file model.txt (compact mmCIF, C-alpha atoms and all ligand atoms)
# COMPACT_ATOMS: atom_id res chain seq x y z
CA MET A 1 -45.92 13.14 -18.98
CA HIS A 2 -42.28 12.58 -19.93
CA ILE A 3 -41.00 9.08 -20.55
CA LEU A 4 -38.86 9.04 -17.39
CA ASP A 5 -41.90 9.87 -15.24
CA LYS A 6 -43.85 7.08 -16.93
CA ILE A 7 -41.04 4.60 -16.33
CA LEU A 8 -40.68 5.60 -12.68
CA LEU A 9 -44.39 5.30 -12.03
CA HIS A 10 -44.38 1.80 -13.47
CA LYS A 11 -41.18 0.92 -11.60
CA GLN A 12 -42.73 1.78 -8.23
CA LYS A 13 -45.56 -0.68 -8.85
CA GLU A 14 -43.20 -3.32 -10.18
CA VAL A 15 -40.88 -3.11 -7.17
CA GLU A 16 -43.76 -3.43 -4.70
CA GLU A 17 -45.00 -6.49 -6.57
CA ARG A 18 -41.56 -8.11 -6.63
CA LYS A 19 -41.03 -7.52 -2.94
CA GLY A 20 -44.10 -9.70 -2.33
CA LEU A 21 -43.08 -12.38 -4.80
CA PHE A 22 -39.36 -12.60 -3.98
CA PRO A 23 -38.67 -11.43 -0.43
CA THR A 24 -35.11 -10.22 0.30
CA LYS A 25 -34.54 -13.24 2.57
CA LEU A 26 -34.87 -15.39 -0.54
CA LEU A 27 -32.62 -13.16 -2.67
CA GLU A 28 -29.92 -13.22 -0.01
CA GLN A 29 -29.52 -16.96 -0.48
CA SER A 30 -27.97 -16.38 -3.90
CA THR A 31 -24.33 -17.50 -4.14
CA TYR A 32 -23.43 -14.07 -5.54
CA PHE A 33 -23.85 -12.65 -2.04
CA THR A 34 -20.59 -14.19 -0.93
CA GLY A 35 -18.57 -13.47 -4.10
CA LYS A 36 -16.48 -10.36 -4.65
CA PRO A 37 -17.68 -8.13 -7.48
CA VAL A 38 -15.42 -7.32 -10.44
CA SER A 39 -14.41 -3.65 -10.45
CA LEU A 40 -15.64 -1.59 -13.41
CA LYS A 41 -13.28 1.21 -12.37
CA LYS A 42 -10.29 -1.11 -12.72
CA TYR A 43 -11.42 -2.68 -15.97
CA ILE A 44 -12.07 0.68 -17.61
CA LEU A 45 -8.52 1.76 -16.82
CA ARG A 46 -6.93 -1.43 -18.21
CA PRO A 47 -4.73 -0.40 -21.15
CA ASP A 48 -5.41 -3.65 -23.04
CA LYS A 49 -9.12 -2.80 -23.25
CA SER A 50 -11.07 -0.20 -25.22
CA GLY A 51 -12.97 1.52 -22.39
CA ILE A 52 -16.21 0.50 -24.10
CA ILE A 53 -19.06 -0.71 -21.92
CA ALA A 54 -21.03 -2.76 -24.44
CA GLU A 55 -24.75 -2.87 -23.83
CA ILE A 56 -27.41 -5.48 -24.45
CA LYS A 57 -30.64 -3.63 -25.22
CA ARG A 58 -33.51 -5.46 -26.91
CA LYS A 59 -35.77 -2.45 -27.39
CA SER A 60 -36.13 1.13 -26.18
CA PRO A 61 -38.82 3.80 -25.88
CA SER A 62 -37.10 5.92 -28.51
CA LYS A 63 -36.42 3.19 -31.09
CA GLY A 64 -38.97 0.44 -30.42
CA ASN A 65 -37.67 -3.05 -31.21
CA ILE A 66 -33.92 -3.09 -31.81
CA ASN A 67 -32.95 -6.76 -31.50
CA PRO A 68 -35.69 -8.42 -29.45
CA TYR A 69 -34.53 -12.04 -29.78
CA VAL A 70 -30.78 -11.48 -29.38
CA SER A 71 -28.76 -14.32 -27.84
CA ILE A 72 -27.35 -13.07 -24.55
CA GLU A 73 -24.77 -15.84 -24.42
CA LYS A 74 -23.32 -15.22 -27.88
CA THR A 75 -23.48 -11.45 -27.67
CA SER A 76 -22.00 -11.08 -24.21
CA ILE A 77 -19.11 -13.46 -24.90
CA GLY A 78 -18.54 -11.87 -28.32
CA TYR A 79 -18.53 -8.34 -26.90
CA MET A 80 -15.82 -9.28 -24.41
CA GLN A 81 -13.77 -11.14 -27.01
CA ALA A 82 -13.98 -8.06 -29.23
CA GLY A 83 -12.21 -6.00 -26.54
CA ALA A 84 -15.03 -4.37 -24.57
CA SER A 85 -14.07 -3.41 -20.99
CA ALA A 86 -17.39 -4.39 -19.47
CA LEU A 87 -21.00 -5.31 -20.14
CA SER A 88 -24.20 -3.38 -19.49
CA VAL A 89 -27.40 -5.42 -19.38
CA LEU A 90 -30.86 -3.85 -19.38
CA THR A 91 -33.07 -5.64 -16.87
CA ASP A 92 -36.19 -3.47 -17.29
CA TYR A 93 -38.82 -5.51 -19.11
CA GLU A 94 -41.68 -3.10 -19.70
CA PHE A 95 -39.77 -0.43 -21.64
CA PHE A 96 -36.53 -2.14 -22.70
CA GLY A 97 -37.49 -5.83 -23.02
CA GLY A 98 -34.74 -6.97 -20.64
CA THR A 99 -34.97 -9.35 -17.68
CA ASN A 100 -32.99 -10.41 -14.63
CA GLU A 101 -32.47 -13.72 -16.47
CA ASP A 102 -30.59 -11.78 -19.19
CA LEU A 103 -28.11 -10.49 -16.63
CA LYS A 104 -27.79 -13.88 -14.97
CA THR A 105 -26.99 -15.44 -18.35
CA ALA A 106 -24.32 -12.80 -19.06
CA ARG A 107 -22.88 -13.48 -15.59
CA LYS A 108 -22.80 -17.21 -16.13
CA PHE A 109 -20.64 -16.91 -19.25
CA ASN A 110 -18.33 -14.00 -18.46
CA PHE A 111 -15.79 -12.92 -15.89
CA CYS A 112 -15.94 -9.15 -16.31
CA PRO A 113 -17.75 -6.20 -14.71
CA ILE A 114 -21.48 -6.21 -15.41
CA LEU A 115 -23.62 -3.10 -15.00
CA ARG A 116 -27.24 -3.65 -14.07
CA LYS A 117 -29.04 -1.16 -16.27
CA ASP A 118 -32.35 -0.35 -14.66
CA PHE A 119 -34.21 2.45 -12.93
CA ILE A 120 -33.22 2.07 -9.29
CA ILE A 121 -35.47 3.82 -6.81
CA ASP A 122 -35.48 1.37 -3.90
CA GLU A 123 -32.97 -0.55 -1.74
CA TYR A 124 -34.76 -3.76 -2.74
CA GLN A 125 -33.45 -3.40 -6.32
CA ILE A 126 -29.87 -3.18 -5.03
CA ILE A 127 -30.25 -6.46 -3.15
CA GLU A 128 -31.76 -7.88 -6.32
CA ALA A 129 -28.81 -6.58 -8.40
CA LYS A 130 -26.43 -8.32 -6.02
CA SER A 131 -28.45 -11.54 -6.13
CA ILE A 132 -28.30 -11.80 -9.93
CA GLY A 133 -24.54 -11.25 -10.06
CA ALA A 134 -24.21 -7.58 -11.04
CA ASP A 135 -21.04 -5.67 -10.09
CA VAL A 136 -22.22 -2.13 -10.71
CA ILE A 137 -25.53 -0.32 -10.44
CA LEU A 138 -26.76 2.75 -12.24
CA LEU A 139 -28.27 5.64 -10.29
CA ILE A 140 -29.98 8.23 -12.48
CA ALA A 141 -29.80 11.70 -10.95
CA ALA A 142 -32.93 12.82 -12.85
CA ALA A 143 -34.91 10.03 -11.14
CA LEU A 144 -33.90 10.75 -7.53
CA THR A 145 -33.48 13.57 -5.05
CA PRO A 146 -29.86 14.16 -3.95
CA GLU A 147 -30.75 12.75 -0.49
CA ARG A 148 -32.22 9.59 -1.95
CA LEU A 149 -29.35 9.16 -4.39
CA LYS A 150 -26.86 9.36 -1.52
CA GLN A 151 -28.80 6.80 0.56
CA LEU A 152 -28.98 4.35 -2.33
CA ALA A 153 -25.32 4.84 -3.27
CA GLU A 154 -24.23 4.17 0.31
CA PHE A 155 -26.49 1.14 0.48
CA ALA A 156 -24.89 -0.24 -2.72
CA LYS A 157 -21.41 0.33 -1.33
CA SER A 158 -22.33 -1.65 1.77
CA PHE A 159 -22.73 -4.64 -0.61
CA ASP A 160 -19.41 -3.87 -2.33
CA LEU A 161 -21.19 -2.81 -5.52
CA GLU A 162 -19.79 0.09 -7.51
CA VAL A 163 -22.01 3.02 -8.44
CA LEU A 164 -22.28 4.72 -11.82
CA MET A 165 -24.21 7.95 -11.45
CA GLU A 166 -25.87 9.29 -14.58
CA VAL A 167 -26.34 13.02 -15.15
CA HIS A 168 -27.72 15.06 -18.02
CA ASN A 169 -26.82 18.59 -17.02
CA GLU A 170 -24.78 20.87 -14.73
CA GLU A 171 -27.43 21.05 -12.06
CA GLU A 172 -27.76 17.28 -11.65
CA LEU A 173 -23.98 17.00 -11.54
CA GLN A 174 -23.36 19.75 -9.06
CA SER A 175 -26.01 18.67 -6.58
CA ASN A 176 -24.72 15.08 -6.46
CA ILE A 177 -20.96 15.22 -5.95
CA ILE A 178 -20.64 12.57 -3.24
CA GLU A 179 -18.01 10.11 -2.13
CA SER A 180 -20.09 6.96 -2.53
CA VAL A 181 -20.23 7.38 -6.33
CA ASP A 182 -17.40 5.72 -8.30
CA LEU A 183 -18.06 6.75 -11.86
CA ILE A 184 -19.96 9.64 -13.41
CA GLY A 185 -21.77 9.07 -16.68
CA VAL A 186 -22.95 11.93 -18.83
CA ASN A 187 -25.94 10.88 -20.90
CA ASN A 188 -25.84 12.38 -24.37
CA ARG A 189 -29.51 11.53 -24.88
CA ASN A 190 -32.01 14.18 -23.86
CA LEU A 191 -34.73 12.19 -22.11
CA LYS A 192 -37.43 14.64 -23.14
CA THR A 193 -36.68 14.96 -26.83
CA PHE A 194 -34.55 11.76 -27.28
CA GLU A 195 -32.05 13.87 -29.22
CA VAL A 196 -28.43 12.78 -28.83
CA SER A 197 -25.37 14.99 -28.89
CA ILE A 198 -21.92 14.13 -27.57
CA GLU A 199 -21.47 17.87 -27.04
CA ASN A 200 -23.30 17.26 -23.77
CA SER A 201 -20.39 15.15 -22.51
CA ILE A 202 -17.82 17.63 -23.76
CA ARG A 203 -19.59 20.53 -22.05
CA LEU A 204 -19.81 18.79 -18.68
CA ALA A 205 -16.36 17.13 -18.70
CA PRO A 206 -14.43 20.00 -17.06
CA LEU A 207 -17.00 20.15 -14.25
CA ILE A 208 -16.47 16.52 -13.18
CA PRO A 209 -13.96 16.29 -10.31
CA GLU A 210 -10.77 14.32 -10.96
CA GLN A 211 -11.48 11.46 -8.57
CA TYR A 212 -14.33 10.09 -10.71
CA ILE A 213 -13.98 7.94 -13.79
CA LYS A 214 -15.74 9.80 -16.62
CA VAL A 215 -18.12 7.84 -18.82
CA SER A 216 -19.86 9.19 -21.91
CA GLU A 217 -23.21 7.50 -22.54
CA SER A 218 -25.40 7.08 -25.63
CA GLY A 219 -25.38 8.06 -29.26
CA ILE A 220 -21.82 6.94 -30.01
CA SER A 221 -21.48 5.31 -33.45
CA ASP A 222 -18.18 6.63 -34.78
CA PRO A 223 -14.73 5.62 -33.43
CA GLN A 224 -13.52 9.17 -34.13
CA LYS A 225 -15.96 10.36 -31.43
CA ILE A 226 -14.25 8.10 -28.91
CA VAL A 227 -10.91 9.67 -29.73
CA GLU A 228 -12.50 13.12 -29.33
CA LEU A 229 -14.15 12.19 -26.02
CA SER A 230 -10.86 10.71 -24.74
CA ASN A 231 -9.19 14.02 -25.47
CA HIS A 232 -11.75 15.60 -23.14
CA GLY A 233 -10.89 13.19 -20.33
CA PHE A 234 -13.46 10.42 -20.87
CA GLN A 235 -12.26 6.91 -20.06
CA GLY A 236 -15.50 4.95 -20.41
CA PHE A 237 -17.93 4.84 -23.36
CA LEU A 238 -21.35 3.26 -22.99
CA MET A 239 -22.58 1.97 -26.33
CA GLY A 240 -25.75 0.04 -27.16
CA GLU A 241 -27.70 0.75 -30.32
CA HIS A 242 -24.80 0.94 -32.72
CA PHE A 243 -24.03 -2.72 -31.92
CA MET A 244 -27.55 -3.96 -31.23
CA HIS A 245 -28.98 -2.81 -34.58
CA HIS A 246 -26.71 -5.36 -36.18
CA SER A 247 -27.98 -8.95 -36.53
CA ARG A 248 -24.69 -10.00 -34.88
CA PRO A 249 -23.96 -7.26 -32.34
CA GLU A 250 -20.67 -8.87 -31.33
CA LYS A 251 -19.44 -8.56 -34.92
CA ALA A 252 -20.36 -4.85 -35.00
CA CYS A 253 -18.49 -4.44 -31.72
CA TYR A 254 -15.42 -6.22 -33.08
CA ASP A 255 -15.38 -4.08 -36.23
CA PHE A 256 -15.83 -0.89 -34.23
CA ILE A 257 -12.99 -1.67 -31.81
CA HIS A 258 -10.77 -2.70 -34.70
CA GLU A 259 -11.40 0.63 -36.41
CA LEU A 260 -10.74 2.43 -33.15
CA LYS A 261 -7.38 0.66 -32.74
CA VAL A 262 -6.36 1.60 -36.28
CA LEU A 263 -7.32 5.22 -35.60
CA LYS A 264 -5.33 5.33 -32.36
CA GLN A 265 -2.29 3.71 -33.98
CA GLY A 266 -2.49 6.15 -36.85
CA SER A 267 -2.15 9.06 -34.49
CA THR A 268 1.03 7.72 -32.83
CA LYS A 269 2.75 5.75 -35.63
CA PRO A 270 5.69 7.47 -37.34
CA VAL A 271 5.05 8.26 -40.97
CA GLU A 272 6.38 5.43 -43.15
CA THR A 273 8.97 6.37 -45.71
CA ILE A 274 8.37 5.29 -49.28
CA LYS A 275 11.24 3.21 -50.64
O1 LIG A 301 -27.90 2.83 -27.32
P1 LIG A 301 -27.00 3.97 -27.11
O2 LIG A 301 -27.47 5.25 -27.73
O3 LIG A 301 -25.58 3.64 -27.53
O4 LIG A 301 -26.98 4.24 -25.52
C1 LIG A 301 -26.57 3.27 -24.60
C2 LIG A 301 -26.93 3.70 -23.18
O5 LIG A 301 -26.19 4.86 -22.89
C3 LIG A 301 -28.43 3.96 -23.04
O6 LIG A 301 -29.09 2.77 -23.29
C4 LIG A 301 -28.82 4.47 -21.64
C5 LIG A 301 -28.19 5.46 -20.96
N1 LIG A 301 -28.79 5.67 -19.75
C6 LIG A 301 -29.83 4.81 -19.63
C7 LIG A 301 -30.73 4.63 -18.59
C8 LIG A 301 -31.68 3.64 -18.72
C9 LIG A 301 -31.78 2.89 -19.90
C10 LIG A 301 -30.89 3.06 -20.95
C11 LIG A 301 -29.91 4.04 -20.83
call {"tool": "encode", "arguments": {"input": "model.txt", "output": "structure tokens"}}
result
Amino acid sequence: MHILDKILLHKQKEVEERKGLFPTKLLEQSTYFTGKPVSLKKYILRPDKSGIIAEIKRKSPSKGNINPYVSIEKTSIGYMQAGASALSVLTDYEFFGGTNEDLKTARKFNFCPILRKDFIIDEYQIIEAKSIGADVILLIAAALTPERLKQLAEFAKSFDLEVLMEVHNEEELQSNIIESVDLIGVNNRNLKTFEVSIENSIRLAPLIPEQYIKVSESGISDPQKIVELSNHGFQGFLMGEHFMHHSRPEKACYDFIHELKVLKQGSTKPVETIK
């Protein structure tokens, strides 16, 4: 059984359990139900930001423990101060060590778009995302049928949440081109082999219709790759491990964005004359 199937099987049980413990009536009392979400689409396009969606990931099935005791407060604030466009917070506990509390903490300390990174298979999880203060949800094409993906995307839109749809290949992309999706993310990580290659993003880029913001996800650790991906039309870059492996992820994020700025300036600055 592949890892995604394992995760989805567990997620079904987890969601049923949570529905009993925290009924939607209770979730709907959260103050976040009345607030307006912050738009990831807008933030990604802001010229003063890097386009980087910086992720908080404590552990993963491919790497095991990455930074299990990370401070959400310090990291999330530091990521945004470093110039990230948005935050992504894993809320899956079983496989990634994240919790809803992690996202709530990030929300408490930051005014910026926050992506709830989880495996969404049920409307209940969208209400939950709203109740903890998320602005964007992830829908993974490999985890859903096109019909189900459309239903969940429309449900999210009815709560003013934005939708990032994740695809791995042409087929997933082409069977899910729908209006209720705002951003399309190409995952560079093969979920079966865990191999990462940004060539996956580059291959799929021309097939993504203009109206979607293009996000390249996973395996990015070199600022030069961001420049390359930008040249192929990507505006958003989802990065986790490269920062999280560091004891101070926010510092790694700062250094990375600094390097990226220098690279970008280098390509536009006129050559200095030697006096
Ligand atoms: O840590 P990386 O290689 O920089 O990748 C970040 C992010 O793309 C990855 O965590 C991710 C992409 N899609 C997901 C779906 C669920 C959980 C995690 C993910």
call {"tool": "residues_near_ligand", "arguments": {"input": "model.txt", "ligand": "ligand LIG 301 (chain A)", "cutoff": "7 Å", "atoms": "only C-alpha atoms and all ligand atoms", "output": "PyMOL selection string"}}
result
chain A and resi 55+57+90+117-119+166+187+217-220+238-242
call {"tool": "atom_distance", "arguments": {"input": "model.txt", "atom1": "CA of Thr24 in chain A", "atom2": "CA of Ile132 in chain A"}}
result
12.4 Å
call {"tool": "atom_distance", "arguments": {"input": "model.txt", "atom1": "CA of Pro47 in chain A", "atom2": "CA of Ala84 in chain A"}}
result
11.6 Å
call {"tool": "atom_distance", "arguments": {"input": "model.txt", "atom1": "CA of Ser85 in chain A", "atom2": "CA of Val136 in chain A"}}
result
13.2 Å
call {"tool": "residues_around", "arguments": {"input": "model.txt", "residues": "Leu45 in chain A", "least_positions_apart": "2", "cutoff": "12 Å", "atoms": "only C-alpha atoms", "output": "JSON, numbers by chain"}}
result
{"A": [39, 40, 41, 42, 43, 47, 48, 49, 50, 51, 52, 53, 84, 85, 86, 183, 212, 213, 214, 215, 234, 235, 236, 237]}
